[in-house]
Amino acid sequence: MPSPFHPTNWSQACVSWIHEIQIAFDPPVPVEPGKGGFLRLMRWSTPRVATLVILSFTLHCTRPPGSIPEAGTGSRNGVNTSDAQAYVEEGVASWYGGEDDGFSGRPTANGEIFDPEQYTCAHRTLPLGSFVEVENLENRKRTVLRVNDRGPFIKGRILDLSRRGAQELGFLGQGTSRVRLRSVDAMGLPVALDPVSNQADPYVVQVASLTDPKNIQSLTKELENTFGVVTLQSAVTRGGLSVKRVRVGSYTTRQDAEQAAEQIAKLLKDRGVEPFITRQR
C-alpha cells in the first residue's frame with residue numbers, strides 16, 4: 001500500500017488531464033517554409049513547436065515511476081549498522097486501540113490524543129515523529145505509520161500499531177503478526193534516522209512496572225545505590241491498572257543503556273526482572 005502521507009498521484013492526474021485536451025491547428029491558408037516573410041514563417045512553425053511541447057509533456061507525465069530502492073538489512077539487535085542505511089528491524093507486532101483496552105482518547109508519549117483510526121504506532125526507541133514502513137511478513141501487506149507513542153513493554157514484541165494500522169496489515173483478528181519495519185520519510189522512501197532527533201531524547205532502562213508503594217520504594221532505593229538516578233513514570237495498563245514504571249539512568253547512546261540493562265538484569269536475576277531499553281519521552 002502506498003504511504004497514506006503521500007500526496008495525490010500527480011502522474012495519473014496529469015495523464016487524465018492531457019487526455020481531455022483537444023488541440024486543432026487549421027490555418028486558413030497553407031504556409032510553405034521560406035516563403036511569405038516572417039509572419040508566415042511563425043504561422044507555419046508555431047503549431048509544430050506546440051505539438052512537440054505537448055508530446056514531450058505527455059511522455060514525461062506518463063513514464064513509469066522510478067523504483068524505490070530497497071533499504072539495506074544490516075541491523076543487529078534492532079540497531080542500524082550504517083548511518084547511510086535505513087533503520088531495519090524484524091519481530092512481532094501487536095496492536096492497541098480496541099473497544100475494551102481503554103487507550104482511545106488517552107495522551108500518547110508525544111502529547112497527542114490517541115486515535116485508533118490514525119496511521120500511528122508505538123516503538124520503544126525510535127524518535128517520536130519519525131515514519132516507518134511496516135510489512136506483514138505473513139501476507140506481504142505494507143503500510144506507513146508515524147511513531148507517536150512508546151511501547152510495547154511486553155517481551156518479544158517490537159511494535160504496537162494503532163487499530164487502523166493492524167487493519168491495513170491484515171492481522172486485526174489475530175492480535176499479533178511477525179513484521180519487518182524500516183525507517184522512511186513521509187513519502188515512504190527509505191531514509192536513515194535523523195541524528196539530531198535521535199539524540200534529543202535520552203535512553204533509559206525500564207526495570208519494572210509496579211503497583212505496591214512499598215515495592216516501588218524498596219526497588220528505587222536499591223537501584224539508586226548502584227546506578228544513581230531513578231525516575232518513576234505513571235502509566236495505565238491494558239487492563240486499566242495504574243502502575244509506576246521504575247526507570248534507571250539517562251543515556252546518550254544505546255550502547256551505554258544496553259550495558260546498564262545487562263548489569264540490572266544480573267543484579268535482579270533472582271526476581272525475574274527483564275529490563276527494557278526505551279526513551280525518557
# chains A, B, ... in the order shown; residues from 1 in each chain; ligands from 1

$ residues_around --residues "A:Lys244" --least-positions-apart "4" --cutoff "12 Å" --atoms "only C-alpha atoms" --output "list in words"
Gln206, Val207, Ala208, Ser209, Leu210, Thr211, Asp212, Pro213, Lys214, Asn215, Ile216, Gln217, Leu219, Thr220, Val230, Thr231, Leu232, Gln233, Ser234, Ala235, Val236 and Thr237 of chain A

$ write_last_selection --atoms "all heavy atoms" --output "compact mmCIF listing (two decimals), in the first residue's frame"
# COMPACT_ATOMS: atom_id res chain seq x y z
N GLN A 206 13.98 0.70 31.54
CA GLN A 206 12.78 0.45 32.34
C GLN A 206 12.93 -0.91 33.01
O GLN A 206 13.04 -1.94 32.35
CB GLN A 206 11.53 0.48 31.48
CG GLN A 206 10.26 0.28 32.28
CD GLN A 206 9.02 0.68 31.51
OE1 GLN A 206 8.96 1.77 30.94
NE2 GLN A 206 8.03 -0.20 31.47
N VAL A 207 12.93 -0.88 34.35
CA VAL A 207 13.22 -2.08 35.12
C VAL A 207 11.96 -2.87 35.42
O VAL A 207 11.93 -4.10 35.30
CB VAL A 207 13.95 -1.72 36.43
CG1 VAL A 207 14.28 -2.97 37.24
CG2 VAL A 207 15.22 -0.92 36.14
N ALA A 208 10.91 -2.19 35.84
CA ALA A 208 9.68 -2.89 36.23
C ALA A 208 8.51 -1.92 36.25
O ALA A 208 8.69 -0.70 36.29
CB ALA A 208 9.86 -3.53 37.62
N SER A 209 7.30 -2.48 36.23
CA SER A 209 6.07 -1.71 36.42
C SER A 209 5.37 -2.28 37.65
O SER A 209 4.95 -3.44 37.65
CB SER A 209 5.14 -1.84 35.19
OG SER A 209 5.73 -1.24 34.06
N LEU A 210 5.26 -1.47 38.69
CA LEU A 210 4.78 -1.96 39.98
C LEU A 210 3.57 -1.16 40.46
O LEU A 210 3.38 0.00 40.07
CB LEU A 210 5.90 -1.87 41.02
CG LEU A 210 7.21 -2.59 40.68
CD1 LEU A 210 8.27 -2.29 41.73
CD2 LEU A 210 6.98 -4.09 40.54
N THR A 211 2.79 -1.80 41.33
CA THR A 211 1.61 -1.15 41.91
C THR A 211 1.76 -0.90 43.40
O THR A 211 1.22 0.09 43.92
CB THR A 211 0.35 -2.00 41.67
OG1 THR A 211 0.56 -3.31 42.25
CG2 THR A 211 0.08 -2.16 40.18
N ASP A 212 2.49 -1.76 44.09
CA ASP A 212 2.62 -1.65 45.54
C ASP A 212 3.63 -0.56 45.91
O ASP A 212 4.80 -0.64 45.51
CB ASP A 212 3.07 -2.99 46.12
CG ASP A 212 3.03 -3.01 47.64
OD1 ASP A 212 3.83 -2.28 48.27
OD2 ASP A 212 2.19 -3.74 48.20
N PRO A 213 3.22 0.46 46.66
CA PRO A 213 4.13 1.56 47.04
C PRO A 213 5.39 1.08 47.77
O PRO A 213 6.47 1.63 47.56
CB PRO A 213 3.27 2.45 47.94
CG PRO A 213 1.87 2.15 47.54
CD PRO A 213 1.85 0.70 47.16
N LYS A 214 5.26 0.07 48.62
CA LYS A 214 6.43 -0.44 49.35
C LYS A 214 7.44 -1.07 48.41
O LYS A 214 8.64 -0.86 48.54
CB LYS A 214 5.97 -1.45 50.41
CG LYS A 214 5.17 -0.84 51.55
CD LYS A 214 4.84 -1.90 52.59
CE LYS A 214 4.07 -1.27 53.76
NZ LYS A 214 3.71 -2.28 54.79
N ASN A 215 6.96 -1.85 47.46
CA ASN A 215 7.86 -2.48 46.49
C ASN A 215 8.53 -1.43 45.61
O ASN A 215 9.72 -1.55 45.26
CB ASN A 215 7.09 -3.46 45.62
CG ASN A 215 6.64 -4.69 46.38
OD1 ASN A 215 7.21 -5.02 47.43
ND2 ASN A 215 5.60 -5.36 45.88
N ILE A 216 7.77 -0.40 45.26
CA ILE A 216 8.33 0.68 44.44
C ILE A 216 9.45 1.39 45.19
O ILE A 216 10.54 1.63 44.65
CB ILE A 216 7.23 1.69 44.06
CG1 ILE A 216 6.19 1.00 43.16
CG2 ILE A 216 7.82 2.91 43.37
CD1 ILE A 216 4.96 1.85 42.88
N GLN A 217 9.21 1.71 46.46
CA GLN A 217 10.21 2.41 47.26
C GLN A 217 11.44 1.56 47.48
O GLN A 217 12.58 2.03 47.38
CB GLN A 217 9.60 2.81 48.61
CG GLN A 217 10.54 3.63 49.50
CD GLN A 217 9.89 4.03 50.81
OE1 GLN A 217 8.86 3.49 51.19
NE2 GLN A 217 10.48 5.00 51.50
N LEU A 219 12.60 -1.01 45.61
CA LEU A 219 13.37 -1.19 44.37
C LEU A 219 14.09 0.10 44.00
O LEU A 219 15.25 0.07 43.54
CB LEU A 219 12.44 -1.63 43.25
CG LEU A 219 13.09 -1.86 41.89
CD1 LEU A 219 14.17 -2.93 41.97
CD2 LEU A 219 12.04 -2.22 40.84
N THR A 220 13.44 1.24 44.20
CA THR A 220 14.05 2.53 43.87
C THR A 220 15.33 2.75 44.67
O THR A 220 16.37 3.14 44.12
CB THR A 220 13.06 3.67 44.13
OG1 THR A 220 11.91 3.51 43.30
CG2 THR A 220 13.71 5.02 43.84
N VAL A 230 17.07 7.40 39.45
CA VAL A 230 15.93 6.53 39.21
C VAL A 230 14.69 7.42 39.10
O VAL A 230 14.46 8.29 39.94
CB VAL A 230 15.73 5.50 40.34
CG1 VAL A 230 14.45 4.69 40.11
CG2 VAL A 230 16.94 4.57 40.43
N THR A 231 13.89 7.21 38.06
CA THR A 231 12.68 8.00 37.86
C THR A 231 11.48 7.08 37.86
O THR A 231 11.57 5.89 37.53
CB THR A 231 12.73 8.79 36.54
OG1 THR A 231 12.93 7.87 35.46
CG2 THR A 231 13.85 9.80 36.56
N LEU A 232 10.32 7.65 38.21
CA LEU A 232 9.06 6.92 38.21
C LEU A 232 8.10 7.57 37.22
O LEU A 232 7.91 8.78 37.24
CB LEU A 232 8.44 6.91 39.61
CG LEU A 232 9.30 6.30 40.73
CD1 LEU A 232 8.59 6.44 42.07
CD2 LEU A 232 9.64 4.85 40.45
N GLN A 233 7.50 6.76 36.38
CA GLN A 233 6.54 7.26 35.40
C GLN A 233 5.19 6.58 35.62
O GLN A 233 5.10 5.35 35.65
CB GLN A 233 7.01 6.98 33.97
CG GLN A 233 6.09 7.55 32.90
CD GLN A 233 6.46 7.08 31.51
OE1 GLN A 233 6.42 5.89 31.22
NE2 GLN A 233 6.83 8.03 30.65
N SER A 234 4.15 7.38 35.78
CA SER A 234 2.81 6.84 35.97
C SER A 234 2.28 6.32 34.64
O SER A 234 2.47 6.94 33.59
CB SER A 234 1.86 7.91 36.53
OG SER A 234 2.31 8.36 37.79
N ALA A 235 1.59 5.18 34.68
CA ALA A 235 1.03 4.59 33.47
C ALA A 235 -0.19 3.76 33.83
O ALA A 235 -0.41 3.43 35.00
CB ALA A 235 2.07 3.73 32.77
N VAL A 236 -0.98 3.44 32.81
CA VAL A 236 -2.16 2.59 32.97
C VAL A 236 -2.03 1.43 32.00
O VAL A 236 -1.76 1.63 30.80
CB VAL A 236 -3.46 3.37 32.70
CG1 VAL A 236 -4.68 2.45 32.86
CG2 VAL A 236 -3.57 4.56 33.64
N THR A 237 -2.19 0.21 32.47
CA THR A 237 -2.03 -0.97 31.64
C THR A 237 -3.26 -1.19 30.78
O THR A 237 -4.27 -0.50 30.90
CB THR A 237 -1.80 -2.21 32.51
OG1 THR A 237 -2.99 -2.49 33.27
CG2 THR A 237 -0.63 -1.99 33.46

$ residues_around --residues "stretch 101-109 of chain A" --least-positions-apart "5" --cutoff "7 Å" --atoms "only C-alpha atoms" --output "list in words"
Phe114, Asp115, Pro116, Asn148, Asp149, Arg150, Arg238, Gly239, Gly240 and Arg281 of chain A

$ closest_residue --among "A:Leu172, A:Ala260, A:Leu126, A:Val204" --to "A:Gly97" --atoms "only C-alpha atoms"
A:Leu172

$ residues_around --residues "A:Val179" --least-positions-apart "3" --cutoff "12 Å" --atoms "only C-alpha atoms" --output "ChimeraX atom specification"
/A:88-94,132-143,157-161,166,169-171,176,182

$ atom_distance --atom1 "atom CA of A:Gly156" --atom2 "atom CA of A:Arg245"
18.7 Å

$ closest_atom_pairs --of "stretch 222-258 of chain A" --to "stretch 187-198 of chain A" --cutoff "12 Å" --atoms "only C-alpha atoms" --output "JSON lines"
{"residue": "A:Tyr251", "atom": "CA", "partner": "A:Asn198", "partner_atom": "CA", "distance": 11.9}
{"residue": "A:Thr252", "atom": "CA", "partner": "A:Asn198", "partner_atom": "CA", "distance": 9.3}
{"residue": "A:Thr253", "atom": "CA", "partner": "A:Asn198", "partner_atom": "CA", "distance": 9.5}
{"residue": "A:Arg254", "atom": "CA", "partner": "A:Asn198", "partner_atom": "CA", "distance": 10.3}

$ write_last_selection --atoms "C-alpha atoms" --output "PDB file, in the first residue's frame"
ATOM      1  CA  TYR A 251      21.990   7.700  28.488  1.00  0.00           C
ATOM      2  CA  THR A 252      23.030   9.473  25.304  1.00  0.00           C
ATOM      3  CA  THR A 253      23.901   6.235  23.471  1.00  0.00           C
ATOM      4  CA  ARG A 254      22.092   2.937  23.181  1.00  0.00           C
TER       5      ARG A 254
END

$ atom_distance --atom1 "atom CA of A:Pro152" --atom2 "atom CA of A:Arg279"
12.4 Å

$ atom_distance --atom1 "atom CA of A:Arg124" --atom2 "atom CA of A:Arg178"
16.9 Å

$ select_by_dssp --residues "stretch 78-227 of chain A" --states "strand (DSSP E or B)" --output "number ranges by chain"
A: 79-80, 88-96, 107, 113, 120-122, 131-136, 142-149, 157-162, 176-184, 190, 203-210

$ write_last_selection --atoms "N, CA and C atoms" --output "short mmCIF file (atom, residue, chain, number, x, y, z; two decimals), in the first residue's frame"
data_model
loop_
_atom_site.label_atom_id
_atom_site.label_comp_id
_atom_site.auth_asym_id
_atom_site.auth_seq_id
_atom_site.Cartn_x
_atom_site.Cartn_y
_atom_site.Cartn_z
N VAL A 79 19.48 -2.35 15.83
CA VAL A 79 20.28 -1.14 15.72
C VAL A 79 20.87 -1.04 14.33
N ASN A 80 20.71 0.08 13.68
CA ASN A 80 21.21 0.29 12.35
C ASN A 80 22.74 0.17 12.33
N VAL A 88 16.41 -0.86 10.23
CA VAL A 88 15.64 -2.05 9.87
C VAL A 88 15.54 -2.95 11.09
N GLU A 89 14.34 -3.49 11.33
CA GLU A 89 14.13 -4.36 12.49
C GLU A 89 13.02 -5.36 12.17
N GLU A 90 13.18 -6.58 12.65
CA GLU A 90 12.16 -7.61 12.49
C GLU A 90 11.75 -8.14 13.85
N GLY A 91 10.47 -8.50 13.96
CA GLY A 91 9.97 -9.06 15.20
C GLY A 91 8.46 -9.14 15.18
N VAL A 92 7.89 -9.33 16.36
CA VAL A 92 6.45 -9.49 16.48
C VAL A 92 5.80 -8.14 16.81
N ALA A 93 4.73 -7.83 16.10
CA ALA A 93 3.97 -6.60 16.35
C ALA A 93 2.60 -6.96 16.90
N SER A 94 2.10 -6.09 17.75
CA SER A 94 0.74 -6.21 18.26
C SER A 94 0.01 -4.92 17.94
N TRP A 95 -1.23 -4.78 18.39
CA TRP A 95 -1.96 -3.54 18.14
C TRP A 95 -2.77 -3.16 19.37
N TYR A 96 -3.11 -1.88 19.45
CA TYR A 96 -3.92 -1.39 20.56
C TYR A 96 -4.90 -0.36 20.05
N PRO A 107 -3.58 10.48 26.22
CA PRO A 107 -2.40 11.13 25.62
C PRO A 107 -1.33 10.09 25.28
N ILE A 113 -3.47 13.07 21.43
CA ILE A 113 -4.51 12.20 21.92
C ILE A 113 -4.61 10.99 20.99
N THR A 120 -0.70 5.43 13.08
CA THR A 120 0.34 5.67 14.09
C THR A 120 0.76 4.36 14.73
N CYS A 121 1.84 4.43 15.50
CA CYS A 121 2.34 3.24 16.17
C CYS A 121 3.20 3.64 17.37
N ALA A 122 3.49 2.66 18.20
CA ALA A 122 4.35 2.86 19.36
C ALA A 122 5.60 1.99 19.20
N PHE A 131 8.82 8.23 10.74
CA PHE A 131 7.93 7.36 9.99
C PHE A 131 8.58 6.00 9.77
N VAL A 132 7.77 4.96 9.76
CA VAL A 132 8.26 3.62 9.47
C VAL A 132 7.33 2.95 8.48
N GLU A 133 7.94 2.22 7.55
CA GLU A 133 7.16 1.34 6.70
C GLU A 133 7.13 -0.02 7.37
N VAL A 134 5.94 -0.55 7.59
CA VAL A 134 5.79 -1.83 8.27
C VAL A 134 5.25 -2.84 7.27
N GLU A 135 5.92 -3.99 7.17
CA GLU A 135 5.49 -5.06 6.27
C GLU A 135 5.10 -6.28 7.09
N ASN A 136 3.90 -6.78 6.85
CA ASN A 136 3.46 -8.02 7.48
C ASN A 136 4.12 -9.17 6.73
N ARG A 142 1.78 -3.95 3.26
CA ARG A 142 2.62 -2.89 3.80
C ARG A 142 1.80 -1.63 4.06
N THR A 143 2.28 -0.84 5.01
CA THR A 143 1.71 0.48 5.23
C THR A 143 2.75 1.34 5.93
N VAL A 144 2.58 2.65 5.87
CA VAL A 144 3.49 3.60 6.52
C VAL A 144 2.79 4.20 7.73
N LEU A 145 3.49 4.19 8.87
CA LEU A 145 2.95 4.69 10.12
C LEU A 145 3.89 5.72 10.73
N ARG A 146 3.33 6.58 11.57
CA ARG A 146 4.13 7.59 12.27
C ARG A 146 4.24 7.21 13.74
N VAL A 147 5.47 7.29 14.27
CA VAL A 147 5.71 6.93 15.67
C VAL A 147 5.29 8.10 16.56
N ASN A 148 4.29 7.87 17.42
CA ASN A 148 3.86 8.93 18.34
C ASN A 148 3.70 8.44 19.77
N ASP A 149 4.14 7.19 20.03
CA ASP A 149 3.95 6.62 21.36
C ASP A 149 5.08 5.66 21.68
N ARG A 157 8.04 -8.45 21.72
CA ARG A 157 7.33 -7.60 20.78
C ARG A 157 8.13 -6.33 20.52
N ILE A 158 8.09 -5.86 19.27
CA ILE A 158 8.88 -4.69 18.92
C ILE A 158 8.04 -3.48 18.55
N LEU A 159 6.74 -3.68 18.26
CA LEU A 159 5.92 -2.59 17.74
C LEU A 159 4.47 -2.78 18.17
N ASP A 160 3.83 -1.67 18.52
CA ASP A 160 2.40 -1.64 18.82
C ASP A 160 1.73 -0.72 17.80
N LEU A 161 0.87 -1.27 16.96
CA LEU A 161 0.22 -0.50 15.92
C LEU A 161 -1.15 -0.01 16.39
N SER A 162 -1.59 1.09 15.81
CA SER A 162 -2.97 1.50 16.02
C SER A 162 -3.89 0.46 15.40
N THR A 176 -1.55 -10.47 16.80
CA THR A 176 -0.12 -10.23 16.57
C THR A 176 0.29 -10.80 15.21
N SER A 177 1.42 -10.33 14.72
CA SER A 177 1.97 -10.86 13.48
C SER A 177 3.45 -10.52 13.43
N ARG A 178 4.19 -11.31 12.70
CA ARG A 178 5.62 -11.03 12.52
C ARG A 178 5.77 -9.99 11.41
N VAL A 179 6.57 -8.96 11.69
CA VAL A 179 6.69 -7.84 10.76
C VAL A 179 8.15 -7.45 10.56
N ARG A 180 8.37 -6.70 9.50
CA ARG A 180 9.66 -6.03 9.29
C ARG A 180 9.37 -4.54 9.18
N LEU A 181 10.14 -3.73 9.89
CA LEU A 181 9.96 -2.28 9.78
C LEU A 181 11.26 -1.64 9.34
N ARG A 182 11.13 -0.52 8.65
CA ARG A 182 12.30 0.26 8.27
C ARG A 182 11.93 1.73 8.31
N SER A 183 12.90 2.56 8.60
CA SER A 183 12.66 4.00 8.69
C SER A 183 12.51 4.58 7.28
N VAL A 184 11.49 5.43 7.11
CA VAL A 184 11.21 6.07 5.82
C VAL A 184 10.84 7.53 6.07
N PRO A 190 12.92 5.09 1.85
CA PRO A 190 13.84 4.75 2.93
C PRO A 190 14.80 5.89 3.25
N TYR A 203 18.14 7.78 26.25
CA TYR A 203 17.70 6.42 26.55
C TYR A 203 17.58 6.23 28.07
N VAL A 204 16.64 5.38 28.45
CA VAL A 204 16.52 4.96 29.85
C VAL A 204 16.31 3.45 29.86
N VAL A 205 16.51 2.85 31.03
CA VAL A 205 16.25 1.42 31.20
C VAL A 205 15.04 1.26 32.10
N GLN A 206 13.98 0.70 31.54
CA GLN A 206 12.78 0.45 32.34
C GLN A 206 12.93 -0.91 33.01
N VAL A 207 12.93 -0.88 34.35
CA VAL A 207 13.22 -2.08 35.12
C VAL A 207 11.96 -2.87 35.42
N ALA A 208 10.91 -2.19 35.84
CA ALA A 208 9.68 -2.89 36.23
C ALA A 208 8.51 -1.92 36.25
N SER A 209 7.30 -2.48 36.23
CA SER A 209 6.07 -1.71 36.42
C SER A 209 5.37 -2.28 37.65
N LEU A 210 5.26 -1.47 38.69
CA LEU A 210 4.78 -1.96 39.98
C LEU A 210 3.57 -1.16 40.46
#

$ closest_residue --among "A:Val243, A:Ile277, A:Ala257, A:Leu267" --to "A:Asn225" --atoms "only C-alpha atoms"
A:Leu267

$ select_by_dssp --residues "stretch 145-241 of chain A" --states "helix (DSSP H, G or I)" --output "MDAnalysis selection string"
chainID A and resid 163:169 195:200 213:227
